[in-house]
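File shown here: protein-v4.tsv, holding TSV, C-alpha atoms.
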chain	number	residue	atom	x	y	z
C	1	MET	CA	-32.03	-3.10	-5.25
C	2	GLU	CA	-34.46	-5.12	-3.15
C	3	PHE	CA	-37.77	-4.16	-1.54
C	4	LEU	CA	-39.46	-5.02	1.75
C	5	SER	CA	-42.90	-4.83	0.05
C	6	PRO	CA	-42.22	-5.78	-3.58
C	7	GLY	CA	-45.91	-6.47	-4.25
C	8	ARG	CA	-46.59	-2.74	-4.15
C	9	LEU	CA	-44.50	-2.30	-7.29
C	10	TRP	CA	-47.53	-3.47	-9.26
C	11	PHE	CA	-48.76	0.10	-8.91
C	12	LEU	CA	-46.07	0.99	-11.45
C	13	LEU	CA	-48.43	-0.33	-14.13
C	14	ILE	CA	-50.46	2.82	-13.58
C	15	ILE	CA	-47.66	4.90	-15.13
C	16	PRO	CA	-47.84	3.48	-18.70
C	17	VAL	CA	-51.66	3.63	-18.52
C	18	VAL	CA	-51.51	7.33	-17.64
C	19	VAL	CA	-48.94	7.94	-20.40
C	20	ALA	CA	-51.14	6.18	-22.95
C	21	GLY	CA	-54.16	8.20	-21.80
C	22	TYR	CA	-52.23	11.44	-22.06
C	23	ILE	CA	-51.07	10.65	-25.60
C	24	PHE	CA	-54.61	9.71	-26.59
C	25	LEU	CA	-56.05	12.96	-25.21
C	26	GLN	CA	-53.38	15.02	-26.95
C	27	HIS	CA	-54.15	13.34	-30.25
C	28	ARG	CA	-57.92	13.81	-29.76
C	29	ARG	CA	-57.43	17.46	-28.79
C	30	ALA	CA	-55.44	18.10	-31.97
C	31	GLN	CA	-58.12	16.48	-34.16
C	32	TYR	CA	-60.87	18.49	-32.44
C	33	ALA	CA	-58.98	21.73	-33.04
C	34	LEU	CA	-58.58	20.95	-36.74
C	35	ARG	CA	-62.28	20.24	-37.20
C	36	PHE	CA	-63.83	23.16	-35.35
C	37	THR	CA	-61.22	25.93	-35.35
C	38	ASN	CA	-60.39	28.54	-37.96
C	39	ILE	CA	-56.62	27.99	-37.82
C	40	ALA	CA	-55.72	31.19	-39.71
C	41	LEU	CA	-57.83	33.32	-37.35
C	42	LEU	CA	-56.53	31.49	-34.26
C	43	ASP	CA	-52.92	32.12	-35.27
C	44	ARG	CA	-53.60	35.87	-35.51
C	45	VAL	CA	-55.51	36.08	-32.23
C	46	ALA	CA	-53.52	33.61	-30.12
C	47	PRO	CA	-50.20	32.63	-31.68
C	48	ARG	CA	-49.05	29.12	-30.94
C	49	ARG	CA	-46.77	28.63	-27.98
C	50	PRO	CA	-44.24	25.85	-27.57
C	51	GLN	CA	-45.90	22.67	-26.29
C	52	TRP	CA	-42.82	21.37	-24.47
C	53	ARG	CA	-43.70	23.31	-21.32
C	54	ARG	CA	-46.98	21.41	-20.94
C	55	HIS	CA	-45.22	18.10	-21.64
C	56	LEU	CA	-42.46	18.93	-19.17
C	57	ALA	CA	-44.99	19.45	-16.37
C	58	VAL	CA	-46.57	16.08	-17.15
C	59	VAL	CA	-43.20	14.30	-17.28
C	60	LEU	CA	-42.19	15.77	-13.91
C	61	ALA	CA	-45.52	14.74	-12.39
C	62	LEU	CA	-45.04	11.17	-13.71
C	63	LEU	CA	-41.52	11.02	-12.29
C	64	ALA	CA	-42.87	12.17	-8.93
C	65	ALA	CA	-45.52	9.43	-9.06
C	66	LEU	CA	-42.88	6.86	-10.02
C	67	SER	CA	-40.67	7.85	-7.07
C	68	CYS	CA	-43.64	7.73	-4.69
C	69	ILE	CA	-44.51	4.18	-5.78
C	70	VAL	CA	-40.89	3.04	-5.36
C	71	ALA	CA	-40.81	4.60	-1.89
C	72	PHE	CA	-44.16	2.92	-1.08
C	73	ALA	CA	-42.54	-0.46	-1.84
C	74	GLN	CA	-39.99	0.21	0.95
C	75	PRO	CA	-36.67	-0.14	-0.93
C	76	LYS	CA	-33.58	-1.34	0.91
C	77	ASP	CA	-29.93	-1.04	0.09
C	78	GLN	CA	-26.63	-2.14	1.58
C	79	VAL	CA	-24.91	0.50	3.67
C	80	LYS	CA	-21.68	0.47	5.68
C	81	VAL	CA	-22.16	0.81	9.42
C	82	PRO	CA	-19.49	0.79	12.14
C	83	ARG	CA	-19.17	-2.45	14.07
C	84	GLU	CA	-20.21	-1.97	17.68
C	85	ARG	CA	-17.14	-3.76	19.13
C	86	ALA	CA	-14.61	-2.91	16.43
C	87	THR	CA	-11.23	-2.27	18.04
C	88	ILE	CA	-8.03	-0.79	16.71
C	89	VAL	CA	-4.78	-1.07	18.63
C	90	VAL	CA	-2.26	1.63	17.79
C	91	ALA	CA	1.22	0.31	18.62
C	92	ILE	CA	3.97	2.93	18.44
C	93	ASP	CA	7.71	2.30	18.49
C	94	VAL	CA	9.37	4.64	21.01
C	95	SER	CA	12.92	3.37	20.60
C	96	LEU	CA	15.79	5.87	20.48
C	97	SER	CA	15.93	5.75	16.67
C	98	MET	CA	12.62	7.60	16.72
C	99	MET	CA	14.48	10.79	17.63
C	100	ALA	CA	15.88	10.98	14.08
C	101	THR	CA	14.96	14.26	12.42
C	102	ASP	CA	14.68	13.07	8.82
C	103	ILE	CA	10.93	13.57	9.34
C	104	GLU	CA	10.24	16.97	10.89
C	105	PRO	CA	10.39	17.69	13.75
C	106	ASN	CA	11.40	14.10	14.42
C	107	ARG	CA	10.01	10.64	13.74
C	108	LEU	CA	8.26	10.24	17.07
C	109	GLU	CA	6.52	13.62	16.98
C	110	ALA	CA	5.43	13.00	13.41
C	111	ALA	CA	4.05	9.61	14.45
C	112	LYS	CA	2.18	11.17	17.37
C	113	LYS	CA	0.56	13.79	15.18
C	114	SER	CA	-0.57	11.38	12.51
C	115	ALA	CA	-1.77	8.84	15.11
C	116	LYS	CA	-3.97	11.50	16.72
C	117	ASN	CA	-5.38	12.52	13.36
C	118	PHE	CA	-6.17	8.87	12.62
C	119	ILE	CA	-7.88	8.34	15.98
C	120	ASN	CA	-10.00	11.44	15.48
C	121	THR	CA	-11.30	10.14	12.14
C	122	LEU	CA	-12.55	6.83	13.56
C	123	PRO	CA	-16.28	6.40	14.26
C	124	SER	CA	-17.19	7.18	17.87
C	125	LYS	CA	-18.28	3.59	18.52
C	126	PHE	CA	-14.84	2.17	17.71
C	127	ASN	CA	-12.67	1.08	20.63
C	128	VAL	CA	-9.08	2.32	20.51
C	129	ALA	CA	-6.15	0.97	22.51
C	130	LEU	CA	-2.65	2.39	22.74
C	131	VAL	CA	0.51	0.29	23.10
C	132	ASN	CA	4.11	1.47	23.08
C	133	PHE	CA	7.24	-0.61	22.73
C	134	ALA	CA	10.98	-0.13	23.02
C	135	GLY	CA	12.98	-2.64	25.09
C	136	THR	CA	9.63	-3.86	26.49
C	137	ALA	CA	6.01	-3.29	25.51
C	138	SER	CA	3.19	-1.84	27.59
C	139	ILE	CA	-0.53	-1.27	27.30
C	140	ILE	CA	-0.77	2.48	27.84
C	141	VAL	CA	-4.54	2.66	27.34
C	142	PRO	CA	-6.79	-0.44	27.19
C	143	PRO	CA	-9.58	-0.52	24.59
C	144	THR	CA	-11.89	2.43	25.13
C	145	THR	CA	-14.16	4.85	23.32
C	146	ASP	CA	-12.77	7.71	25.41
C	147	ARG	CA	-10.83	9.54	22.72
C	148	ALA	CA	-9.56	12.28	25.05
C	149	THR	CA	-7.71	9.76	27.25
C	150	VAL	CA	-6.06	8.08	24.27
C	151	LEU	CA	-5.01	11.40	22.72
C	152	ARG	CA	-3.46	12.63	25.98
C	153	SER	CA	-1.58	9.36	26.31
C	154	VAL	CA	-0.21	9.65	22.77
C	155	ASP	CA	1.16	13.08	23.65
C	156	GLY	CA	2.86	11.59	26.72
C	157	LEU	CA	4.90	8.90	24.90
C	158	GLU	CA	8.63	9.09	25.62
C	159	LEU	CA	11.73	7.53	24.11
C	160	ALA	CA	13.45	4.45	25.55
C	161	GLU	CA	16.24	2.06	24.60
C	162	SER	CA	16.06	-1.03	22.32
C	163	THR	CA	13.32	-2.27	19.99
C	164	ALA	CA	11.04	-5.21	20.86
C	165	THR	CA	8.78	-5.31	17.80
C	166	GLY	CA	7.56	-8.84	18.48
C	167	GLU	CA	6.66	-7.95	22.06
C	168	GLY	CA	4.73	-4.96	20.75
C	169	ILE	CA	2.53	-7.28	18.69
C	170	PHE	CA	2.03	-9.78	21.53
C	171	THR	CA	1.09	-6.95	23.90
C	172	SER	CA	-1.35	-5.55	21.34
C	173	LEU	CA	-3.06	-8.96	21.20
C	174	GLN	CA	-3.20	-8.95	24.98
C	175	ALA	CA	-4.91	-5.54	24.89
C	176	LEU	CA	-7.64	-7.01	22.68
C	177	THR	CA	-8.59	-9.47	25.42
C	178	GLN	CA	-9.79	-6.47	27.44
C	179	VAL	CA	-12.55	-5.54	24.95
C	180	PRO	CA	-15.94	-5.95	26.70
C	181	PRO	CA	-17.67	-9.15	25.56
C	182	ASP	CA	-20.74	-9.13	23.35
C	183	PRO	CA	-23.74	-9.88	25.64
C	184	ASP	CA	-25.45	-11.88	22.90
C	185	HIS	CA	-22.31	-13.71	21.75
C	186	PRO	CA	-19.84	-13.66	24.67
C	187	ASN	CA	-17.42	-16.12	23.04
C	188	ASP	CA	-17.06	-14.20	19.79
C	189	PRO	CA	-13.80	-12.22	19.50
C	190	ALA	CA	-14.07	-8.53	18.75
C	191	PRO	CA	-13.29	-7.53	15.16
C	192	ALA	CA	-9.90	-5.90	15.42
C	193	ARG	CA	-6.82	-4.58	13.66
C	194	ILE	CA	-3.37	-3.66	14.88
C	195	VAL	CA	-1.71	-0.59	13.41
C	196	LEU	CA	2.01	-0.80	14.11
C	197	LEU	CA	4.40	2.10	13.54
C	198	SER	CA	8.08	1.37	13.63
C	199	ASP	CA	11.27	2.42	11.92
C	200	GLY	CA	13.85	-0.05	13.17
C	201	LYS	CA	14.83	-3.67	13.32
C	202	ARG	CA	14.00	-5.77	16.40
C	203	THR	CA	16.88	-5.94	18.83
C	204	VAL	CA	15.36	-7.75	21.84
C	205	GLY	CA	12.45	-10.05	22.72
C	206	ARG	CA	10.49	-12.41	20.55
C	207	THR	CA	10.76	-11.94	16.82
C	208	ALA	CA	8.36	-9.82	14.81
C	209	GLN	CA	7.49	-12.90	12.75
C	210	GLU	CA	6.45	-14.80	15.88
C	211	GLY	CA	4.17	-11.94	16.78
C	212	ALA	CA	2.74	-11.94	13.26
C	213	GLN	CA	2.01	-15.67	13.47
C	214	ALA	CA	0.20	-15.14	16.78
C	215	ALA	CA	-1.84	-12.32	15.23
C	216	LYS	CA	-2.75	-14.55	12.29
C	217	ALA	CA	-3.93	-17.27	14.70
C	218	LYS	CA	-6.19	-14.67	16.35
C	219	ASN	CA	-7.48	-13.50	12.95
C	220	THR	CA	-6.11	-10.03	13.68
C	221	PRO	CA	-4.28	-8.49	10.73
C	222	VAL	CA	-1.37	-6.19	11.47
C	223	TYR	CA	-1.06	-3.06	9.35
C	224	THR	CA	2.55	-1.91	9.47
C	225	ILE	CA	3.81	1.56	8.71
C	226	CYS	CA	7.53	1.77	8.16
C	227	PHE	CA	8.66	5.38	8.13
C	228	GLY	CA	11.86	7.30	7.97
C	229	THR	CA	14.47	7.59	5.27
C	230	ASP	CA	17.69	5.73	4.57
C	231	SER	CA	19.62	8.88	5.45
C	232	GLY	CA	18.14	9.11	8.95
C	233	PHE	CA	20.57	9.27	11.88
C	234	ILE	CA	20.77	9.97	15.61
C	235	GLU	CA	23.62	11.23	17.77
C	236	MET	CA	24.64	9.20	20.83
C	237	ASP	CA	27.47	10.50	23.03
C	238	GLY	CA	28.60	12.77	20.22
C	239	ILE	CA	28.71	9.90	17.71
C	240	ARG	CA	26.42	9.95	14.68
C	241	GLN	CA	24.66	6.64	14.05
C	242	ARG	CA	22.65	5.87	10.94
C	243	VAL	CA	19.18	4.46	11.63
C	244	PRO	CA	17.67	3.43	8.27
C	245	PRO	CA	14.20	1.86	8.46
C	246	ASP	CA	13.84	-1.91	8.13
C	247	ARG	CA	11.10	-2.15	5.53
C	248	ALA	CA	11.54	-5.86	4.81
C	249	GLU	CA	10.86	-6.94	8.40
C	250	LEU	CA	7.68	-4.92	8.72
C	251	ARG	CA	6.51	-6.07	5.31
C	252	SER	CA	6.88	-9.68	6.41
C	253	VAL	CA	4.79	-8.95	9.53
C	254	ALA	CA	1.97	-7.61	7.39
C	255	GLU	CA	2.14	-10.49	4.91
C	256	ILE	CA	2.15	-13.19	7.60
C	257	SER	CA	-0.71	-11.68	9.59
C	258	GLY	CA	-2.88	-10.85	6.58
C	259	GLY	CA	-2.56	-7.08	6.89
C	260	GLU	CA	-0.99	-4.48	4.64
C	261	ALA	CA	2.46	-2.94	4.66
C	262	TYR	CA	2.96	0.77	4.04
C	263	THR	CA	5.94	3.04	3.85
C	264	ALA	CA	5.82	6.73	4.56
C	265	GLU	CA	8.75	9.07	4.41
C	266	SER	CA	6.97	12.24	5.49
C	267	ALA	CA	4.30	13.25	7.98
C	268	GLY	CA	1.88	13.99	5.14
C	269	GLU	CA	2.26	10.50	3.71
C	270	LEU	CA	1.63	9.02	7.14
C	271	GLU	CA	-1.72	10.79	7.33
C	272	ASP	CA	-2.72	9.40	3.92
C	273	VAL	CA	-1.81	5.88	5.07
C	274	TYR	CA	-4.00	6.23	8.15
C	275	LYS	CA	-6.95	7.26	6.00
C	276	ASP	CA	-6.56	4.09	3.93
C	277	ILE	CA	-6.46	1.91	7.04
C	278	GLY	CA	-9.40	3.65	8.71
C	279	SER	CA	-11.63	3.05	5.68
C	280	SER	CA	-10.83	-0.69	5.54
C	281	VAL	CA	-11.60	-1.90	9.06
C	282	GLY	CA	-14.49	-2.07	11.45
C	283	TYR	CA	-17.44	-1.89	9.08
C	284	ASP	CA	-20.23	-4.27	8.13
C	285	GLU	CA	-22.49	-4.04	5.10
C	286	VAL	CA	-26.10	-4.37	6.24
C	287	ASP	CA	-29.47	-4.00	4.58
C	288	LYS	CA	-31.16	-0.75	5.47
C	289	GLU	CA	-34.49	0.68	4.35
C	290	VAL	CA	-33.94	3.74	2.14
C	291	THR	CA	-37.56	4.84	1.68
C	292	ALA	CA	-36.69	8.39	2.68
C	293	ARG	CA	-34.26	8.66	-0.23
C	294	PHE	CA	-37.00	8.05	-2.81
C	295	ALA	CA	-39.54	10.10	-0.89
C	296	GLY	CA	-37.13	13.01	-1.13
C	297	ILE	CA	-36.73	12.47	-4.88
C	298	ALA	CA	-40.54	12.40	-5.22
C	299	MET	CA	-40.77	15.68	-3.31
C	300	ILE	CA	-38.26	17.33	-5.66
C	301	PHE	CA	-40.12	16.17	-8.78
C	302	THR	CA	-43.46	17.24	-7.26
C	303	LEU	CA	-42.18	20.74	-6.55
C	304	ALA	CA	-40.68	20.98	-10.03
C	305	ALA	CA	-43.95	19.84	-11.62
C	306	ALA	CA	-45.87	22.37	-9.55
C	307	GLY	CA	-43.51	25.11	-10.64
C	308	ALA	CA	-43.91	24.12	-14.28
C	309	CYS	CA	-47.71	24.18	-13.97
C	310	ILE	CA	-47.66	27.61	-12.33
C	311	ALA	CA	-45.36	28.98	-15.03
C	312	LEU	CA	-47.65	27.54	-17.72
C	313	ALA	CA	-50.79	28.94	-16.12
C	314	SER	CA	-49.30	32.39	-15.74
C	315	ARG	CA	-49.09	32.76	-19.51
C	316	PHE	CA	-52.87	32.85	-19.86
C	317	PRO	CA	-55.40	35.39	-18.61
Serialized structure, structure tokens:
Amino acid sequence: MEFLSPGRLWFLLIIPVVVAGYIFLQHRRAQYALRFTNIALLDRVAPRRPQWRRHLAVVLALLAALSCIVAFAQPKDQVKVPRERATIVVAIDVSLSMMATDIEPNRLEAAKKSAKNFINTLPSKFNVALVNFAGTASIIVPPTTDRATVLRSVDGLELAESTATGEGIFTSLQALTQVPPDPDHPNDPAPARIVLLSDGKRTVGRTAQEGAQAAKAKNTPVYTICFGTDSGFIEMDGIRQRVPPDRAELRSVAEISGGEAYTAESAGELEDVYKDIGSSVGYDEVDKEVTARFAGIAMIFTLAAAGACIALASRFP
């Protein structure tokens, strides 16, 4: 721990001086009692009481003084604070395979629910953008702190044909160009992550790996969530078609871009994945004065010492 006014810590030398003085007075008090007191008579009139109560009050008072001195030196500590321009793009696959019911009620509805839970857990200062992709990709909501608009748009996602995973990544990068610039550093890109949910292999458009390379060049990791089970299927024109997830492709996207790859085979697992992602992006560790923390500790010790003194005094007439 560091201090803004470390010179004030010299006052800590008062503590051992007070302790030494207290020990000396206790020793002198005991010698005085032995010299001038009839011990046998004193024991009959006023039996000895445990001395630990008196010592406890002194110890608590010293701890309060110690905490006050530390607070006086203005301690600082590193704390995590949300980045002002941090942006997360949620890119959701809305291809027809998302109608599979191996995740209840179906993959798309499960993705919507978990995406909304994730968005609601983000700090209010985070920007959130929403992108969907099937045969093409679109920016549904540009980066904004308006959570209500994003949540309504998630509810409105609808299924479409084909899967353009690569285009979904390129469109997510395009959405990041719409983050308002930093007035002090207008050329600095916003710290950002892309969270991409998909269950199927690309069928049209640029490859997912091309999109991952572009994300890497922009220093924007892609966190992929591959969900669904190998037994998943959809029915098209009365014909059952298996739609197993393509975990390898999404894993390669995460590895190339510098993100993380997750798999989730149930809605509950999806929510856990979102929690992991939300805790890993958009924060800076900064020095912050924590004087109040030690002032509060000093207050607690002071009150405890006062209580001990009152309890000790109440035992005598």
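Atom pair atom CA of C:Ile92 / atom CA of C:Ile239: separated by 25.7 Å.
Atom pair atom CA of C:Arg293 / atom CA of C:Ile15: separated by 20.4 Å.
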**Asked** Using only C-alpha atoms, which of C:Gln26, C:Thr145, C:Ser67, C:Asn219 sits nearest C:Ile300?
**Response** C:Ser67
**Message:** Could you list, as an MDAnalysis selection string, every residue within 10 Å of C:Val150, counting only C-alpha atoms and ignoring same-chain residues fewer than 6 positions away?
**Reply:** chainID C and resid 90 116 119 128:130 140:144 156
Could you work out an axis-aligned box for stretch 239-255 of chain C, taking every atom the file lists and adding 6 Å on each side, and report centre and edge lengths in Å to one decimal, as AutoDock Vina command-line options?
--center_x 15.3 --center_y -0.3 --center_z 11.3 --size_x 38.7 --size_y 32.4 --size_z 24.9
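Summary of the local environment: counting all atoms listed in the file, residues at most 10 Å from C:Pro189, other than itself and those fewer than 6 positions away along its chain, are Arg85, Ala86, Leu176, Thr177, Val179, Pro180, Pro181, Asp182, Lys218, Asn219 and Thr220 of chain C.
With all atoms listed in the file as the atoms that count, the minimum distance from C:Arg107 to the choices C:Gly200, C:Gly21, C:Pro123, C:Gly211 is reached by C:Gly200.
When all atoms listed in the file are used to compute distances to C:Val70, the closest of the residues C:Arg8, C:Lys125, C:Arg193, C:Arg251 turns out to be C:Arg8.
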**Message:** I'd like to know which of C:Ser138, C:Thr121, C:Ser172, C:Gln213 is closest to C:Leu196, using only C-alpha atoms.
**Reply:** C:Ser172
Can you put N, CA, C and O atoms back into stretch 285-308 of chain C and show it as a compact mmCIF listing (two decimals), keeping the file's coordinate frame?
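Output saved as result.txt:
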# COMPACT_ATOMS: atom_id res chain seq x y z
N GLU C 285 -21.47 -4.45 6.06
CA GLU C 285 -22.49 -4.04 5.10
C GLU C 285 -23.80 -4.69 5.50
O GLU C 285 -23.91 -5.92 5.57
N VAL C 286 -24.81 -3.87 5.79
CA VAL C 286 -26.10 -4.37 6.24
C VAL C 286 -27.20 -3.78 5.37
O VAL C 286 -27.04 -2.72 4.76
N ASP C 287 -28.31 -4.50 5.31
CA ASP C 287 -29.47 -4.00 4.58
C ASP C 287 -30.17 -2.94 5.42
O ASP C 287 -30.41 -3.12 6.62
N LYS C 288 -30.49 -1.83 4.77
CA LYS C 288 -31.16 -0.75 5.47
C LYS C 288 -32.23 -0.15 4.56
O LYS C 288 -32.00 0.06 3.37
N GLU C 289 -33.41 0.08 5.13
CA GLU C 289 -34.49 0.68 4.35
C GLU C 289 -34.11 2.09 3.95
O GLU C 289 -33.62 2.89 4.76
N VAL C 290 -34.32 2.42 2.66
CA VAL C 290 -33.94 3.74 2.14
C VAL C 290 -35.16 4.43 1.54
O VAL C 290 -35.06 5.13 0.53
N THR C 291 -36.32 4.22 2.17
CA THR C 291 -37.56 4.84 1.68
C THR C 291 -37.43 6.36 1.62
O THR C 291 -37.89 7.00 0.66
N ALA C 292 -36.80 6.94 2.62
CA ALA C 292 -36.69 8.39 2.68
C ALA C 292 -35.97 8.95 1.46
O ALA C 292 -36.28 10.06 1.00
N ARG C 293 -35.01 8.20 0.94
CA ARG C 293 -34.26 8.66 -0.23
C ARG C 293 -35.20 8.89 -1.42
O ARG C 293 -35.14 9.93 -2.09
N PHE C 294 -36.09 7.92 -1.67
CA PHE C 294 -37.00 8.05 -2.81
C PHE C 294 -38.14 8.99 -2.51
O PHE C 294 -38.67 9.63 -3.42
N ALA C 295 -38.54 9.11 -1.25
CA ALA C 295 -39.54 10.10 -0.89
C ALA C 295 -39.01 11.50 -1.15
O ALA C 295 -39.74 12.39 -1.62
N GLY C 296 -37.73 11.71 -0.86
CA GLY C 296 -37.13 13.01 -1.13
C GLY C 296 -37.07 13.31 -2.62
O GLY C 296 -37.33 14.45 -3.05
N ILE C 297 -36.74 12.29 -3.43
CA ILE C 297 -36.73 12.47 -4.88
C ILE C 297 -38.13 12.82 -5.38
O ILE C 297 -38.31 13.71 -6.23
N ALA C 298 -39.15 12.12 -4.84
CA ALA C 298 -40.54 12.40 -5.22
C ALA C 298 -40.91 13.84 -4.88
O ALA C 298 -41.60 14.53 -5.65
N MET C 299 -40.47 14.31 -3.72
CA MET C 299 -40.77 15.68 -3.31
C MET C 299 -40.16 16.69 -4.29
O MET C 299 -40.80 17.67 -4.69
N ILE C 300 -38.93 16.42 -4.73
CA ILE C 300 -38.26 17.33 -5.66
C ILE C 300 -39.02 17.38 -6.99
O ILE C 300 -39.27 18.47 -7.55
N PHE C 301 -39.38 16.21 -7.51
CA PHE C 301 -40.12 16.17 -8.78
C PHE C 301 -41.49 16.83 -8.64
O PHE C 301 -41.98 17.50 -9.57
N THR C 302 -42.14 16.64 -7.49
CA THR C 302 -43.46 17.24 -7.26
C THR C 302 -43.37 18.77 -7.27
O THR C 302 -44.18 19.46 -7.90
N LEU C 303 -42.36 19.29 -6.57
CA LEU C 303 -42.18 20.74 -6.55
C LEU C 303 -41.85 21.28 -7.93
O LEU C 303 -42.33 22.35 -8.33
N ALA C 304 -41.02 20.54 -8.67
CA ALA C 304 -40.68 20.98 -10.03
C ALA C 304 -41.90 20.97 -10.94
O ALA C 304 -42.10 21.89 -11.74
N ALA C 305 -42.73 19.92 -10.81
CA ALA C 305 -43.95 19.84 -11.62
C ALA C 305 -44.90 20.97 -11.27
O ALA C 305 -45.53 21.58 -12.15
N ALA C 306 -45.01 21.26 -9.97
CA ALA C 306 -45.87 22.37 -9.55
C ALA C 306 -45.38 23.69 -10.12
O ALA C 306 -46.16 24.53 -10.58
N GLY C 307 -44.06 23.89 -10.08
CA GLY C 307 -43.51 25.11 -10.64
C GLY C 307 -43.76 25.23 -12.13
O GLY C 307 -44.07 26.32 -12.64
N ALA C 308 -43.64 24.10 -12.85
CA ALA C 308 -43.91 24.12 -14.28
C ALA C 308 -45.37 24.45 -14.57
O ALA C 308 -45.69 25.20 -15.50
